[in-house]
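A.B. asks: This structure is in structure tokens; I'll ask about it shortly.
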Amino acid sequence: MLRWLAALLIIAAAIISLLMLGERREPLPPPAPVEAEEEQPDYWMESSRIERFDEDGERLLLLDSDRLAHFPSDERSEMRQVRAEQRGPESLLWEMHAEHGLVTGDRSLVALSGDVRMERRAPHGPSTWLYTDSLEFLPRDDLARTDDPVRMERGATITTGIGLHAAMAEDRLIIKQEVRTRHVSPTDPN
Amino acid sequence: EGEMEILADEQDVDGQAGTATYRGNVEIRQQNLLIYADQVVFFENEDGEYDRAEMRGQPVHLISTPEGRAKTEAFAHFMEYNLQTEHLLMQGEARLKQERQDLRAERIEYDLPTERIRASRGDGEDERVRVRFERQSPDRENGS
């Protein structure tokens, strides 16, 4: 009986010391972060131009940039100093400028960012200028949109607001929230 | 005309139709004029300037406080305002309040510069033109 008791005591002591050992062990150092290898473009172009035409050979879209880099992983293209042109109804022209542009692999979206400016150039009457921080341009849908603050200027009329929806084929500009327009007519000195 | 300021929830500029529509809590301030409406549509003339506005509301509320003249308040479900001539057409439970005169009719035309008013009845029996003059309060009558 005594021998059983002694064995039990020895086992208990062993378990306790193991537990104590476990706590004191130094925590394993966090694994070193694996440097995500920055993807390299498979090709790039200086002063590049992309054009798209409709079935009748009329140009629909023009996309210029100082530098275009193409990335094979998702077929995207990243551009610098971008200028995009899209035709509207009845010789109306939409022109967009931005510091950066990203064209998705399927070319359905051009994400513009950095000092984004959009001009609505009509055959008659003053141009309309829009200024914002970023703009999603969907050439196939004739659409440009943002949720950022927007400023629109046309002649003596200045409008600010939040969010823009530009239906370019229908020649519609919708500012979605917090609209404030100031119109200074010619007779007003200030 | 001077400076005009417009506040609204949303703005919709239609280049083909030559209109700019303001929707939701619309407030227009222009010198002595203040207008509250649910929706206001501005129409462009050939020079690309907005020269006419159609306003809708429940009702549209217009307050005019020209210098040196009495304040005028106008209410109607629909108003059309010519920004060049400052001519105002009101329709739908139209009402024009000036100092002690309170005019109600189905349709009222009001020329802001000349203050000329033309009111006409609606089709219904209870849509005749009604004018109410408030009597001057006694102490003002005796000049005290």
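Residue numbers start at 1 in each chain; chains themselves are named A, B, ... in the order of the structure tokens; ligands are numbered from 1 in the order shown.
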For chain B against chain A, which residues fall within 7 Å using only C-alpha atoms, given as a list in words?

C.D. replies: Glu1, Gly2, Glu3, Met4, Glu5, Ile6, Leu7, Ala8, Asp9, Glu10, Gln11, Asp12, Val13, Asp14, Gly15, Gln16, Asp47 and Gly48 of chain B

A.B. asks: Any idea what's packed within 12 Å of range 61-73 of chain A, counting only C-alpha atoms, ignoring anything in its chain fewer than 5 positions away? Could you give it as a PDB file with N, CA and C atoms, in the first residue's frame?

C.D. replies:
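The resulting around-v1.pdb:
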ATOM      1  N   GLU A  38       7.051  42.969 -53.994  1.00  0.00           N
ATOM      2  CA  GLU A  38       6.257  43.887 -54.802  1.00  0.00           C
ATOM      3  C   GLU A  38       6.232  43.349 -56.231  1.00  0.00           C
ATOM      4  N   GLU A  39       4.978  43.305 -56.787  1.00  0.00           N
ATOM      5  CA  GLU A  39       4.857  42.722 -58.126  1.00  0.00           C
ATOM      6  C   GLU A  39       5.503  43.653 -59.135  1.00  0.00           C
ATOM      7  N   GLN A  40       6.207  43.105 -60.054  1.00  0.00           N
ATOM      8  CA  GLN A  40       6.855  43.908 -61.095  1.00  0.00           C
ATOM      9  C   GLN A  40       6.010  43.868 -62.373  1.00  0.00           C
ATOM     10  N   PRO A  41       5.917  44.994 -63.098  1.00  0.00           N
ATOM     11  CA  PRO A  41       5.168  44.966 -64.354  1.00  0.00           C
ATOM     12  C   PRO A  41       5.857  44.081 -65.375  1.00  0.00           C
ATOM     13  N   ASP A  42       5.077  43.475 -66.263  1.00  0.00           N
ATOM     14  CA  ASP A  42       5.732  42.677 -67.302  1.00  0.00           C
ATOM     15  C   ASP A  42       6.111  43.577 -68.488  1.00  0.00           C
ATOM     16  N   TYR A  43       5.376  44.738 -68.603  1.00  0.00           N
ATOM     17  CA  TYR A  43       5.868  45.734 -69.587  1.00  0.00           C
ATOM     18  C   TYR A  43       5.359  47.112 -69.193  1.00  0.00           C
ATOM     19  N   TRP A  44       6.016  48.153 -69.695  1.00  0.00           N
ATOM     20  CA  TRP A  44       5.486  49.517 -69.465  1.00  0.00           C
ATOM     21  C   TRP A  44       5.742  50.364 -70.695  1.00  0.00           C
ATOM     22  N   MET A  45       4.980  51.441 -70.788  1.00  0.00           N
ATOM     23  CA  MET A  45       5.098  52.310 -71.967  1.00  0.00           C
ATOM     24  C   MET A  45       5.149  53.753 -71.516  1.00  0.00           C
ATOM     25  N   GLU A  46       5.900  54.555 -72.227  1.00  0.00           N
ATOM     26  CA  GLU A  46       5.930  55.995 -71.961  1.00  0.00           C
ATOM     27  C   GLU A  46       5.006  56.664 -72.978  1.00  0.00           C
ATOM     28  N   SER A  47       4.322  57.737 -72.573  1.00  0.00           N
ATOM     29  CA  SER A  47       3.405  58.468 -73.476  1.00  0.00           C
ATOM     30  C   SER A  47       2.497  57.494 -74.218  1.00  0.00           C
ATOM     31  N   SER A  48       1.721  56.764 -73.424  1.00  0.00           N
ATOM     32  CA  SER A  48       0.904  55.710 -74.058  1.00  0.00           C
ATOM     33  C   SER A  48      -0.466  56.270 -74.435  1.00  0.00           C
ATOM     34  N   ARG A  49      -1.117  55.605 -75.376  1.00  0.00           N
ATOM     35  CA  ARG A  49      -2.485  55.972 -75.791  1.00  0.00           C
ATOM     36  C   ARG A  49      -3.282  54.708 -76.050  1.00  0.00           C
ATOM     37  N   ILE A  50      -4.477  54.625 -75.415  1.00  0.00           N
ATOM     38  CA  ILE A  50      -5.409  53.519 -75.657  1.00  0.00           C
ATOM     39  C   ILE A  50      -6.641  54.119 -76.311  1.00  0.00           C
ATOM     40  N   GLU A  51      -7.099  53.511 -77.416  1.00  0.00           N
ATOM     41  CA  GLU A  51      -8.299  54.015 -78.079  1.00  0.00           C
ATOM     42  C   GLU A  51      -9.281  52.863 -78.275  1.00  0.00           C
ATOM     43  N   ARG A  52     -10.576  53.198 -78.215  1.00  0.00           N
ATOM     44  CA  ARG A  52     -11.580  52.162 -78.438  1.00  0.00           C
ATOM     45  C   ARG A  52     -12.579  52.705 -79.449  1.00  0.00           C
ATOM     46  N   PHE A  53     -13.017  51.902 -80.396  1.00  0.00           N
ATOM     47  CA  PHE A  53     -13.896  52.363 -81.478  1.00  0.00           C
ATOM     48  C   PHE A  53     -15.175  51.547 -81.489  1.00  0.00           C
ATOM     49  N   ASP A  54     -16.252  52.168 -82.031  1.00  0.00           N
ATOM     50  CA  ASP A  54     -17.496  51.395 -82.148  1.00  0.00           C
ATOM     51  C   ASP A  54     -17.520  50.686 -83.496  1.00  0.00           C
ATOM     52  N   GLU A  78      -1.495  50.365 -64.551  1.00  0.00           N
ATOM     53  CA  GLU A  78      -1.427  51.544 -63.682  1.00  0.00           C
ATOM     54  C   GLU A  78      -0.797  52.678 -64.473  1.00  0.00           C
ATOM     55  N   MET A  79      -1.422  53.872 -64.408  1.00  0.00           N
ATOM     56  CA  MET A  79      -0.975  54.977 -65.259  1.00  0.00           C
ATOM     57  C   MET A  79      -0.659  56.206 -64.434  1.00  0.00           C
ATOM     58  N   ARG A  80       0.125  57.077 -65.030  1.00  0.00           N
ATOM     59  CA  ARG A  80       0.471  58.353 -64.396  1.00  0.00           C
ATOM     60  C   ARG A  80       0.099  59.476 -65.330  1.00  0.00           C
ATOM     61  N   GLN A  81      -0.396  60.587 -64.739  1.00  0.00           N
ATOM     62  CA  GLN A  81      -0.832  61.763 -65.536  1.00  0.00           C
ATOM     63  C   GLN A  81      -1.764  61.288 -66.651  1.00  0.00           C
ATOM     64  N   VAL A  82      -2.982  61.019 -66.238  1.00  0.00           N
ATOM     65  CA  VAL A  82      -3.938  60.400 -67.152  1.00  0.00           C
ATOM     66  C   VAL A  82      -4.827  61.475 -67.796  1.00  0.00           C
ATOM     67  N   ARG A  83      -5.161  61.269 -69.078  1.00  0.00           N
ATOM     68  CA  ARG A  83      -6.179  62.089 -69.739  1.00  0.00           C
ATOM     69  C   ARG A  83      -7.113  61.148 -70.468  1.00  0.00           C
ATOM     70  N   ALA A  84      -8.417  61.242 -70.121  1.00  0.00           N
ATOM     71  CA  ALA A  84      -9.386  60.350 -70.768  1.00  0.00           C
ATOM     72  C   ALA A  84     -10.413  61.214 -71.484  1.00  0.00           C
ATOM     73  N   GLU A  85     -10.854  60.742 -72.640  1.00  0.00           N
ATOM     74  CA  GLU A  85     -11.874  61.460 -73.415  1.00  0.00           C
ATOM     75  C   GLU A  85     -12.984  60.479 -73.738  1.00  0.00           C
ATOM     76  N   GLN A  86     -14.228  60.953 -73.547  1.00  0.00           N
ATOM     77  CA  GLN A  86     -15.362  60.089 -73.920  1.00  0.00           C
ATOM     78  C   GLN A  86     -16.384  60.956 -74.605  1.00  0.00           C
ATOM     79  N   ARG A  87     -16.944  60.473 -75.696  1.00  0.00           N
ATOM     80  CA  ARG A  87     -17.932  61.276 -76.430  1.00  0.00           C
ATOM     81  C   ARG A  87     -19.274  61.204 -75.751  1.00  0.00           C
ATOM     82  N   GLY A  88     -20.019  62.322 -75.798  1.00  0.00           N
ATOM     83  CA  GLY A  88     -21.397  62.348 -75.312  1.00  0.00           C
ATOM     84  C   GLY A  88     -22.316  62.542 -76.500  1.00  0.00           C
ATOM     85  N   LEU A  93     -18.366  66.573 -75.554  1.00  0.00           N
ATOM     86  CA  LEU A  93     -17.165  65.816 -75.191  1.00  0.00           C
ATOM     87  C   LEU A  93     -16.925  65.895 -73.683  1.00  0.00           C
ATOM     88  N   TRP A  94     -16.622  64.730 -73.114  1.00  0.00           N
ATOM     89  CA  TRP A  94     -16.249  64.695 -71.691  1.00  0.00           C
ATOM     90  C   TRP A  94     -14.745  64.434 -71.638  1.00  0.00           C
ATOM     91  N   GLU A  95     -14.031  65.259 -70.881  1.00  0.00           N
ATOM     92  CA  GLU A  95     -12.591  65.031 -70.760  1.00  0.00           C
ATOM     93  C   GLU A  95     -12.224  64.979 -69.282  1.00  0.00           C
ATOM     94  N   MET A  96     -11.428  63.973 -68.908  1.00  0.00           N
ATOM     95  CA  MET A  96     -11.043  63.804 -67.505  1.00  0.00           C
ATOM     96  C   MET A  96      -9.524  63.835 -67.387  1.00  0.00           C
ATOM     97  N   HIS A  97      -9.027  64.429 -66.299  1.00  0.00           N
ATOM     98  CA  HIS A  97      -7.586  64.480 -66.029  1.00  0.00           C
ATOM     99  C   HIS A  97      -7.378  64.006 -64.604  1.00  0.00           C
ATOM    100  N   ALA A  98      -6.250  63.306 -64.353  1.00  0.00           N
ATOM    101  CA  ALA A  98      -5.934  62.905 -62.975  1.00  0.00           C
ATOM    102  C   ALA A  98      -4.455  62.559 -62.906  1.00  0.00           C
ATOM    103  N   GLU A  99      -3.928  62.562 -61.679  1.00  0.00           N
ATOM    104  CA  GLU A  99      -2.512  62.201 -61.505  1.00  0.00           C
ATOM    105  C   GLU A  99      -2.317  60.698 -61.697  1.00  0.00           C
ATOM    106  N   HIS A 100      -3.267  59.917 -61.187  1.00  0.00           N
ATOM    107  CA  HIS A 100      -3.109  58.448 -61.279  1.00  0.00           C
ATOM    108  C   HIS A 100      -4.350  57.826 -61.893  1.00  0.00           C
ATOM    109  N   GLY A 101      -4.136  56.709 -62.544  1.00  0.00           N
ATOM    110  CA  GLY A 101      -5.270  55.959 -63.091  1.00  0.00           C
ATOM    111  C   GLY A 101      -4.970  54.480 -63.002  1.00  0.00           C
ATOM    112  N   LEU A 102      -6.014  53.675 -62.764  1.00  0.00           N
ATOM    113  CA  LEU A 102      -5.839  52.223 -62.733  1.00  0.00           C
ATOM    114  C   LEU A 102      -6.911  51.611 -63.607  1.00  0.00           C
ATOM    115  N   VAL A 103      -6.518  50.884 -64.634  1.00  0.00           N
ATOM    116  CA  VAL A 103      -7.470  50.244 -65.541  1.00  0.00           C
ATOM    117  C   VAL A 103      -7.538  48.765 -65.189  1.00  0.00           C
ATOM    118  N   THR A 104      -8.764  48.285 -64.888  1.00  0.00           N
ATOM    119  CA  THR A 104      -8.883  46.883 -64.490  1.00  0.00           C
ATOM    120  C   THR A 104      -8.605  45.989 -65.694  1.00  0.00           C
ATOM    121  N   GLY A 105      -8.338  44.729 -65.397  1.00  0.00           N
ATOM    122  CA  GLY A 105      -7.954  43.790 -66.440  1.00  0.00           C
ATOM    123  C   GLY A 105      -8.986  43.698 -67.552  1.00  0.00           C
ATOM    124  N   ARG A 107     -10.893  46.022 -68.449  1.00  0.00           N
ATOM    125  CA  ARG A 107     -11.053  47.367 -69.014  1.00  0.00           C
ATOM    126  C   ARG A 107     -12.460  47.958 -68.771  1.00  0.00           C
ATOM    127  N   SER A 108     -13.149  47.422 -67.755  1.00  0.00           N
ATOM    128  CA  SER A 108     -14.515  47.946 -67.528  1.00  0.00           C
ATOM    129  C   SER A 108     -14.465  49.185 -66.656  1.00  0.00           C
ATOM    130  N   VAL A 110     -11.981  52.498 -65.027  1.00  0.00           N
ATOM    131  CA  VAL A 110     -10.766  53.288 -64.912  1.00  0.00           C
ATOM    132  C   VAL A 110     -10.905  54.073 -63.611  1.00  0.00           C
ATOM    133  N   LEU A 112      -9.716  56.782 -61.295  1.00  0.00           N
ATOM    134  CA  LEU A 112      -8.867  57.976 -61.355  1.00  0.00           C
ATOM    135  C   LEU A 112      -8.716  58.548 -59.950  1.00  0.00           C
ATOM    136  N   PHE A 137     -14.529  55.794 -63.478  1.00  0.00           N
ATOM    137  CA  PHE A 137     -14.999  56.042 -64.843  1.00  0.00           C
ATOM    138  C   PHE A 137     -15.263  54.679 -65.483  1.00  0.00           C
ATOM    139  N   LEU A 138     -16.500  54.441 -65.901  1.00  0.00           N
ATOM    140  CA  LEU A 138     -16.878  53.166 -66.516  1.00  0.00           C
ATOM    141  C   LEU A 138     -17.194  53.439 -67.987  1.00  0.00           C
ATOM    142  N   PRO A 139     -16.187  53.293 -68.877  1.00  0.00           N
ATOM    143  CA  PRO A 139     -16.362  53.686 -70.276  1.00  0.00           C
ATOM    144  C   PRO A 139     -17.519  52.986 -70.964  1.00  0.00           C
ATOM    145  N   ARG A 140     -17.671  51.680 -70.726  1.00  0.00           N
ATOM    146  CA  ARG A 140     -18.735  50.947 -71.439  1.00  0.00           C
ATOM    147  C   ARG A 140     -20.116  51.404 -71.013  1.00  0.00           C
ATOM    148  N   ASP A 141     -20.224  51.847 -69.762  1.00  0.00           N
ATOM    149  CA  ASP A 141     -21.538  52.274 -69.268  1.00  0.00           C
ATOM    150  C   ASP A 141     -21.724  53.783 -69.425  1.00  0.00           C
ATOM    151  N   ASP A 142     -20.758  54.466 -70.033  1.00  0.00           N
ATOM    152  CA  ASP A 142     -20.817  55.923 -70.181  1.00  0.00           C
ATOM    153  C   ASP A 142     -21.100  56.588 -68.844  1.00  0.00           C
TER     154      ASP A 142
END

A.B. asks: From a DSSP calculation on the backbone, collect every residue of range 12-137 of chain B in strand (DSSP E) and output the set as a PyMOL selection string.

C.D. replies: chain B and resi 12-14+19-30+33-44+50-64+72-82+87-98+101-111+116-120+130-133

A.B. asks: Quick one: pull the distance between CA of Ser64 in chain B and CA of Leu33 in chain B, Å, one decimal.

C.D. replies: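 Result for CA of Ser64 in chain B versus CA of Leu33 in chain B: 4.7 Å, one decimal.
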
A.B. asks: Would you mind telling me which residue in A:Glu136, A:Glu58, A:Glu153, A:Glu75 lies nearest to Leu109 in chain A when using only C-alpha atoms?

C.D. replies: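 When distances to Leu109 in chain A are compared using only C-alpha atoms, the smallest one comes from A:Glu136.
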
A.B. asks: Which one of B:Val26, B:Tyr110, B:Glu46, B:Thr85 sits closest to His61 in chain B if you count only C-alpha atoms?

C.D. replies: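 Closest to His61 in chain B, using only C-alpha atoms: B:Val26.
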
A.B. asks: So, counting only C-alpha atoms, which residue among B:Leu34, B:Glu67, B:Ala17, B:Thr72 is closest to Arg100 in chain B?

C.D. replies: B:Thr72

A.B. asks: What does the distance between CA of Glu44 in chain B and CA of Glu115 in chain B come to in Å, to one decimal place?

C.D. replies: 26.0 Å

A.B. asks: What does the distance from CA of Arg23 in chain B to CA of Ala105 in chain B come to in Å, to one decimal?

C.D. replies: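 Computing it gives 26.7 Å between the two atoms.
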
A.B. asks: Using only C-alpha atoms, which residues sit within 10 Å of range 89-93 of chain B once same-chain residues fewer than 3 positions away are excluded, as a PyMOL selection string?

C.D. replies: chain B and resi 54-56+58-60+74-82+86+96+104-111+117-120+122+127

A.B. asks: For Lys71 in chain B, work out the shell of residues within 9 Å, counting only C-alpha atoms and skipping chain neighbours fewer than 6 positions away, then give it as a ChimeraX atom specification.

C.D. replies: /B:63-65,97-99

A.B. asks: Could you please take those selected residues and save C-alpha atoms as a short mmCIF file (atom, residue, chain, number, x, y, z; two decimals), in the first residue's frame?

C.D. replies:
data_model
loop_
_atom_site.label_atom_id
_atom_site.label_comp_id
_atom_site.auth_asym_id
_atom_site.auth_seq_id
_atom_site.Cartn_x
_atom_site.Cartn_y
_atom_site.Cartn_z
CA ILE B 63 -40.90 85.98 -48.64
CA SER B 64 -40.06 89.30 -50.28
CA THR B 65 -38.73 92.18 -48.19
CA LYS B 97 -50.21 88.45 -47.70
CA GLN B 98 -49.11 92.08 -47.53
CA GLU B 99 -49.35 94.10 -44.33
#
